[in-house]
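Undergrad: This is the structure I want to talk about, given as structure tokens.
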There are 2 protein chains.
Amino acid sequence: MATRLFRLLDAFSMERPELTLSEISRASGLPLSTTHRLVAELTRWGALRRGSNGLYHIGLRLWQLGSLSPGTLRLREQAMPFMEDLHGVTQHNVQLAVLDGTEAVSIERLSARGAVNMVTRTASMLPLHASGAGLMLLAHADADVQEKVLAGPLRRYTERTVTAPARLREVLADARRDGYVISVQQIEMISQSLAAPVRGADNSVIAALSVVVPVEGVDLRALVPAVRASALGISRTLGATSRRG
Amino acid sequence: MATRLFRLLDAFSMERPELTLSEISRASGLPLSTTHRLVAELTRWGALRRGSNGLYHIGLRLWQLGSLSPGTLRLREQAMPFMEDLHGVTQHNVQLAVLDGTEAVSIERLSARGAVNMVTRTASMLPLHASGAGLMLLAHADADVQEKVLAGPLRRYTERTVTAPARLREVLADARRDGYVISVQQIEMISQSLAAPVRGADNSVIAALSVVVPVEGVDLRALVPAVRASALGISRTLGATSRRG
DNA sequence: GTGGGGTTTCCACTCAACGGAAGTCGGCGT
DNA sequence: ACGCCGACTTCCGTTGAGTGGAAACCCCAC
């Protein structure tokens, strides 16, 4: 059954990327002998590898497969130069995120040396309703995704997190109209972010470019043109023709 | 059964990253109804996603999982600045590869604007016995891997591909001794490459940094110091203390 | 309307996955 | 040296979950 495989693979995480067979068994709740067989199959295929230390870890085969996901390899490669420029100019955290189901996933990030330690790491999730990038992606998401998110529980990270659906709709409408969105202290009280949409060849929004900066001492408004310009640059490289932000 | 899932996922490729259900069924050789059920399960978990166009593609969940593979995220992030410098100085293709089983996988690459069109793309395989990076990885691989590769069939890409095990052993020994390896016209008659080892915190070789350049008009020897220095730089960033190349 | 694709649902059979149990290996403490 | 313990591996009889043929469904193009 497939769910067993998923349970097994889910045993691996950012914190625990290497596990023994028994650990996998315990973490996934599967009987040891079953785990043993499944792990063997996964290893044969290359989804898992056993290191010289005897521990199992995710194999590159899986990474290669994952790299086929739209909005990783090509998007990243094209976006990198622009992100670097933006990072160089602003000296703040820059990140690129895409939509996956009802979550935003950060696929690339350049962190500033002395900047706010971003909560998020590459390959991690961002809330759609509270992060700058998430809001921009949500603003341009399919109607059903929007409805699902607006209906579902909207976690309140801080006192400033917008959790009222009606208010959120306004924010999304503004984001679409303005071509950028600013999210202040919605995830942490010490940080704020600004995001702009990245469009693909068909002019649909496929990613969001954002900067995450400290609340203290930074005026996000001043960064709006830079972020929008960078996002437009990426869009153009990807073949978008629309001038809309 | 797990193999069915693998067959199904293998239907996706660099060339065909988006497929209809029927296409998946045909490509994987699985009955349509079985495919339907498996795809549904995979989609529920997030390994696959169905785009607004109705086509299925690999989901970000899989990409995130794959990113847990050692030698992708962290290695890439640390290596990037050095690769960019090297790329800037040499103006040639620069790539970073790691070992997976008995193959080398390119995990990052910077291609030169007007350079040889590298056969390889990011997230693609390199032969261990014929590419510069592959040779360096093989030179430092576990004994059993080396034996397997030397025993197995060594594909002859060009007339200059080394396929004699004895000769290959010499090349590997030289690579270990010198701290770099040069592979001339072993994959294509128009290109050659130079690779140096990247060491992790335990001083073991975990990756290979290489440049791929045209045969005509470029003296690889002149690039040896640059590539070695960059590789050492990455190693140092990763916590390696060994001065051996 | 009709044909032809892709897609979804249904269900009885069967065989492959399951997992308890027993056996192996290796390291550590006494 | 010995015994213990944990991790790993192998075996095998049972059974219920995966299988896949078939039929219905949907939607578009001609």
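We name chains A, B, ... following the order of the structure tokens; residues begin at 1 in each chain, and ligands are numbered from 1 as shown.
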Based on only C-alpha atoms, which of the residues in chain A come within 7 Å of chain B? I want them as a list in words.

TA: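 Putting it all together, I get Met1, Ala2, Ser13, Met14, Pro17, Glu41, His57, Ile58, Gly59, Leu60, Leu62, Trp63, Gln64, Gly66, Ser67, Leu68, Ser69, Asp100 and Ala123 of chain A.
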
Undergrad: For Val171 in chain B, please output as a list in words all residues within 10 Å (counting only C-alpha atoms (C1' of nucleotides); exclusion window: fewer than 3 positions along the same chain).

TA: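 Using only C-alpha atoms (C1' of nucleotides), the neighbours found are His129, Leu135, Met136, Ala139, Val162, Pro165, Ala166, Arg167, Leu168, Asp174, Ala175, Arg176, Arg177, Val181, Ile182 and Ser183 of chain B.
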
Undergrad: Which of range 16-185 of chain B counts as strand (DSSP E) under DSSP, as a ChimeraX atom specification please?

TA: /B:18-19,48-50,56-58,93-100,103-110,125-126,181-184

Undergrad: Using only C-alpha atoms (C1' of nucleotides), find each residue of chain C with at least one atom at most 8 Å away from an atom of chain B; report its shortest atom-to-atom pair and that distance in Å (one decimal), sort the rows by chain and rising residue number, and return the result as JSON lines.

TA:
```
{"residue": "C:DG6", "atom": "C1'", "partner": "B:Ser22", "partner_atom": "CA", "distance": 6.9}
{"residue": "C:DT7", "atom": "C1'", "partner": "B:Leu21", "partner_atom": "CA", "distance": 8.0}
{"residue": "C:DA16", "atom": "C1'", "partner": "B:Met1", "partner_atom": "CA", "distance": 7.9}
{"residue": "C:DA17", "atom": "C1'", "partner": "B:Met1", "partner_atom": "CA", "distance": 7.5}
```

Undergrad: Write out, as an mmCIF file, in the first residue's frame, the residues just selected, with C-alpha atoms (C1' of nucleotides).

TA:
```cif
data_model
loop_
_atom_site.group_PDB
_atom_site.id
_atom_site.type_symbol
_atom_site.label_atom_id
_atom_site.label_comp_id
_atom_site.auth_asym_id
_atom_site.auth_seq_id
_atom_site.Cartn_x
_atom_site.Cartn_y
_atom_site.Cartn_z
ATOM 1 C "C1'" DG C 6 -9.424 10.862 -21.583
ATOM 2 C "C1'" DT C 7 -11.273 9.814 -17.062
ATOM 3 C "C1'" DA C 16 1.655 -10.512 -3.168
ATOM 4 C "C1'" DA C 17 2.301 -7.885 0.924
#
```

Undergrad: Which residue out of D:DC4, D:DT9, D:DG20, D:DT14 has the minimum interatomic distance to chain B when only C-alpha atoms (C1' of nucleotides) are used?

TA: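 Using only C-alpha atoms (C1' of nucleotides), the shortest distance to chain B belongs to D:DG20.
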
Undergrad: Please, which residues of range 20-126 of chain A, numbered as in this document, come out helix (DSSP H, G or I) from DSSP, as a ChimeraX atom specification?

TA: /A:21-28,32-45,60-66,73-90

Undergrad: Okay, now the selection with N, CA and C atoms, as a compact mmCIF listing (two decimals), in the first residue's frame?

TA:
```txt
# COMPACT_ATOMS: atom_id res chain seq x y z
N LEU A 21 17.47 1.69 10.38
CA LEU A 21 16.26 0.96 10.02
C LEU A 21 15.26 0.99 11.17
N SER A 22 15.74 0.72 12.35
CA SER A 22 14.83 0.69 13.51
C SER A 22 14.21 2.05 13.77
N GLU A 23 14.99 3.08 13.59
CA GLU A 23 14.45 4.42 13.80
C GLU A 23 13.34 4.70 12.79
N ILE A 24 13.57 4.31 11.56
CA ILE A 24 12.53 4.49 10.55
C ILE A 24 11.28 3.74 10.97
N SER A 25 11.50 2.52 11.41
CA SER A 25 10.38 1.69 11.84
C SER A 25 9.58 2.38 12.95
N ARG A 26 10.29 2.87 13.94
CA ARG A 26 9.60 3.52 15.06
C ARG A 26 8.91 4.81 14.61
N ALA A 27 9.65 5.62 13.86
CA ALA A 27 9.11 6.91 13.45
C ALA A 27 7.86 6.76 12.58
N SER A 28 7.85 5.72 11.77
CA SER A 28 6.72 5.56 10.85
C SER A 28 5.63 4.68 11.44
N LEU A 32 8.83 -3.74 12.12
CA LEU A 32 10.22 -3.74 11.67
C LEU A 32 10.42 -4.53 10.37
N SER A 33 9.79 -5.71 10.31
CA SER A 33 10.02 -6.53 9.12
C SER A 33 9.44 -5.87 7.88
N THR A 34 8.30 -5.24 8.05
CA THR A 34 7.71 -4.51 6.92
C THR A 34 8.63 -3.36 6.51
N THR A 35 9.09 -2.62 7.48
CA THR A 35 10.00 -1.52 7.20
C THR A 35 11.22 -2.03 6.45
N HIS A 36 11.73 -3.13 6.94
CA HIS A 36 12.91 -3.71 6.32
C HIS A 36 12.70 -3.97 4.83
N ARG A 37 11.58 -4.58 4.52
CA ARG A 37 11.30 -4.91 3.12
C ARG A 37 11.10 -3.64 2.29
N LEU A 38 10.32 -2.71 2.81
CA LEU A 38 10.06 -1.49 2.05
C LEU A 38 11.35 -0.69 1.84
N VAL A 39 12.14 -0.60 2.89
CA VAL A 39 13.39 0.13 2.77
C VAL A 39 14.27 -0.52 1.71
N ALA A 40 14.28 -1.84 1.71
CA ALA A 40 15.08 -2.55 0.71
C ALA A 40 14.62 -2.18 -0.69
N GLU A 41 13.30 -2.15 -0.89
CA GLU A 41 12.79 -1.82 -2.22
C GLU A 41 13.13 -0.38 -2.60
N LEU A 42 12.93 0.50 -1.65
CA LEU A 42 13.23 1.90 -1.92
C LEU A 42 14.71 2.09 -2.23
N THR A 43 15.54 1.34 -1.51
CA THR A 43 16.97 1.46 -1.72
C THR A 43 17.36 0.93 -3.10
N ARG A 44 16.73 -0.19 -3.47
CA ARG A 44 17.03 -0.76 -4.78
C ARG A 44 16.72 0.25 -5.88
N TRP A 45 15.65 0.96 -5.67
CA TRP A 45 15.23 1.92 -6.69
C TRP A 45 16.08 3.19 -6.64
N LEU A 60 19.69 10.46 -4.15
CA LEU A 60 19.64 11.50 -5.18
C LEU A 60 18.60 11.22 -6.24
N ARG A 61 18.24 9.96 -6.39
CA ARG A 61 17.22 9.62 -7.36
C ARG A 61 15.95 10.41 -7.09
N LEU A 62 15.64 10.48 -5.81
CA LEU A 62 14.45 11.21 -5.40
C LEU A 62 14.62 12.70 -5.66
N TRP A 63 15.82 13.16 -5.46
CA TRP A 63 16.09 14.57 -5.69
C TRP A 63 15.93 14.89 -7.19
N GLN A 64 16.46 14.00 -8.01
CA GLN A 64 16.34 14.21 -9.45
C GLN A 64 14.88 14.24 -9.86
N LEU A 65 14.13 13.28 -9.32
CA LEU A 65 12.71 13.22 -9.64
C LEU A 65 12.03 14.51 -9.20
N GLY A 66 12.34 14.94 -7.99
CA GLY A 66 11.74 16.15 -7.47
C GLY A 66 12.09 17.37 -8.30
N LEU A 73 14.08 23.72 -10.95
CA LEU A 73 15.29 23.92 -11.72
C LEU A 73 15.30 25.16 -12.61
N ARG A 74 14.42 25.18 -13.59
CA ARG A 74 14.49 26.27 -14.56
C ARG A 74 14.20 27.61 -13.92
N LEU A 75 13.13 27.65 -13.17
CA LEU A 75 12.77 28.89 -12.51
C LEU A 75 13.93 29.40 -11.66
N ARG A 76 14.49 28.50 -10.89
CA ARG A 76 15.60 28.87 -10.02
C ARG A 76 16.77 29.43 -10.82
N GLU A 77 17.15 28.69 -11.84
CA GLU A 77 18.31 29.11 -12.63
C GLU A 77 18.10 30.49 -13.23
N GLN A 78 16.91 30.70 -13.77
CA GLN A 78 16.63 31.97 -14.41
C GLN A 78 16.56 33.09 -13.37
N ALA A 79 16.03 32.75 -12.22
CA ALA A 79 15.78 33.79 -11.23
C ALA A 79 17.03 34.20 -10.46
N MET A 80 17.96 33.28 -10.34
CA MET A 80 19.14 33.52 -9.52
C MET A 80 19.84 34.86 -9.76
N PRO A 81 20.19 35.16 -11.00
CA PRO A 81 20.90 36.42 -11.22
C PRO A 81 20.14 37.62 -10.68
N PHE A 82 18.84 37.64 -10.92
CA PHE A 82 18.03 38.76 -10.44
C PHE A 82 17.98 38.81 -8.92
N MET A 83 17.89 37.63 -8.35
CA MET A 83 17.85 37.58 -6.89
C MET A 83 19.16 38.07 -6.30
N GLU A 84 20.23 37.71 -6.96
CA GLU A 84 21.53 38.17 -6.47
C GLU A 84 21.66 39.69 -6.56
N ASP A 85 21.22 40.21 -7.67
CA ASP A 85 21.26 41.66 -7.82
C ASP A 85 20.45 42.32 -6.72
N LEU A 86 19.24 41.82 -6.54
CA LEU A 86 18.36 42.40 -5.53
C LEU A 86 18.98 42.28 -4.14
N HIS A 87 19.57 41.14 -3.92
CA HIS A 87 20.22 40.91 -2.64
C HIS A 87 21.39 41.87 -2.45
N GLY A 88 22.14 42.06 -3.53
CA GLY A 88 23.27 42.97 -3.46
C GLY A 88 22.85 44.40 -3.16
N VAL A 89 21.78 44.82 -3.79
CA VAL A 89 21.32 46.19 -3.61
C VAL A 89 20.70 46.42 -2.24
N THR A 90 19.88 45.47 -1.82
CA THR A 90 19.13 45.69 -0.57
C THR A 90 19.85 45.19 0.67
```

Undergrad: Could you check which of D:DA22, D:DA7, D:DC12, D:DC27 is closest to chain A, using only C-alpha atoms (C1' of nucleotides)?

TA: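 Between D:DA22, D:DA7, D:DC12, D:DC27, the residue approaching chain A most closely is D:DA7.
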
Undergrad: Give the residues of chain D that lie within 10 Å of chain A; count only C-alpha atoms (C1' of nucleotides), and format the answer as a list in words.

TA: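 Result: DG6, DA7, DC8, DT9, DT10, DA17 and DG18 of chain D.
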
Undergrad: Please list as a list in words every residue within 12 Å of Arg155 in chain A, counting only C-alpha atoms (C1' of nucleotides) and excluding residues in the same chain fewer than 6 positions away.

TA: Leu126, Pro127, Leu128, His129, Ala130, Ser131, Val149, Thr161, Val162, Thr163, Ala164, Pro165, Gln186 and Ile187 of chain A
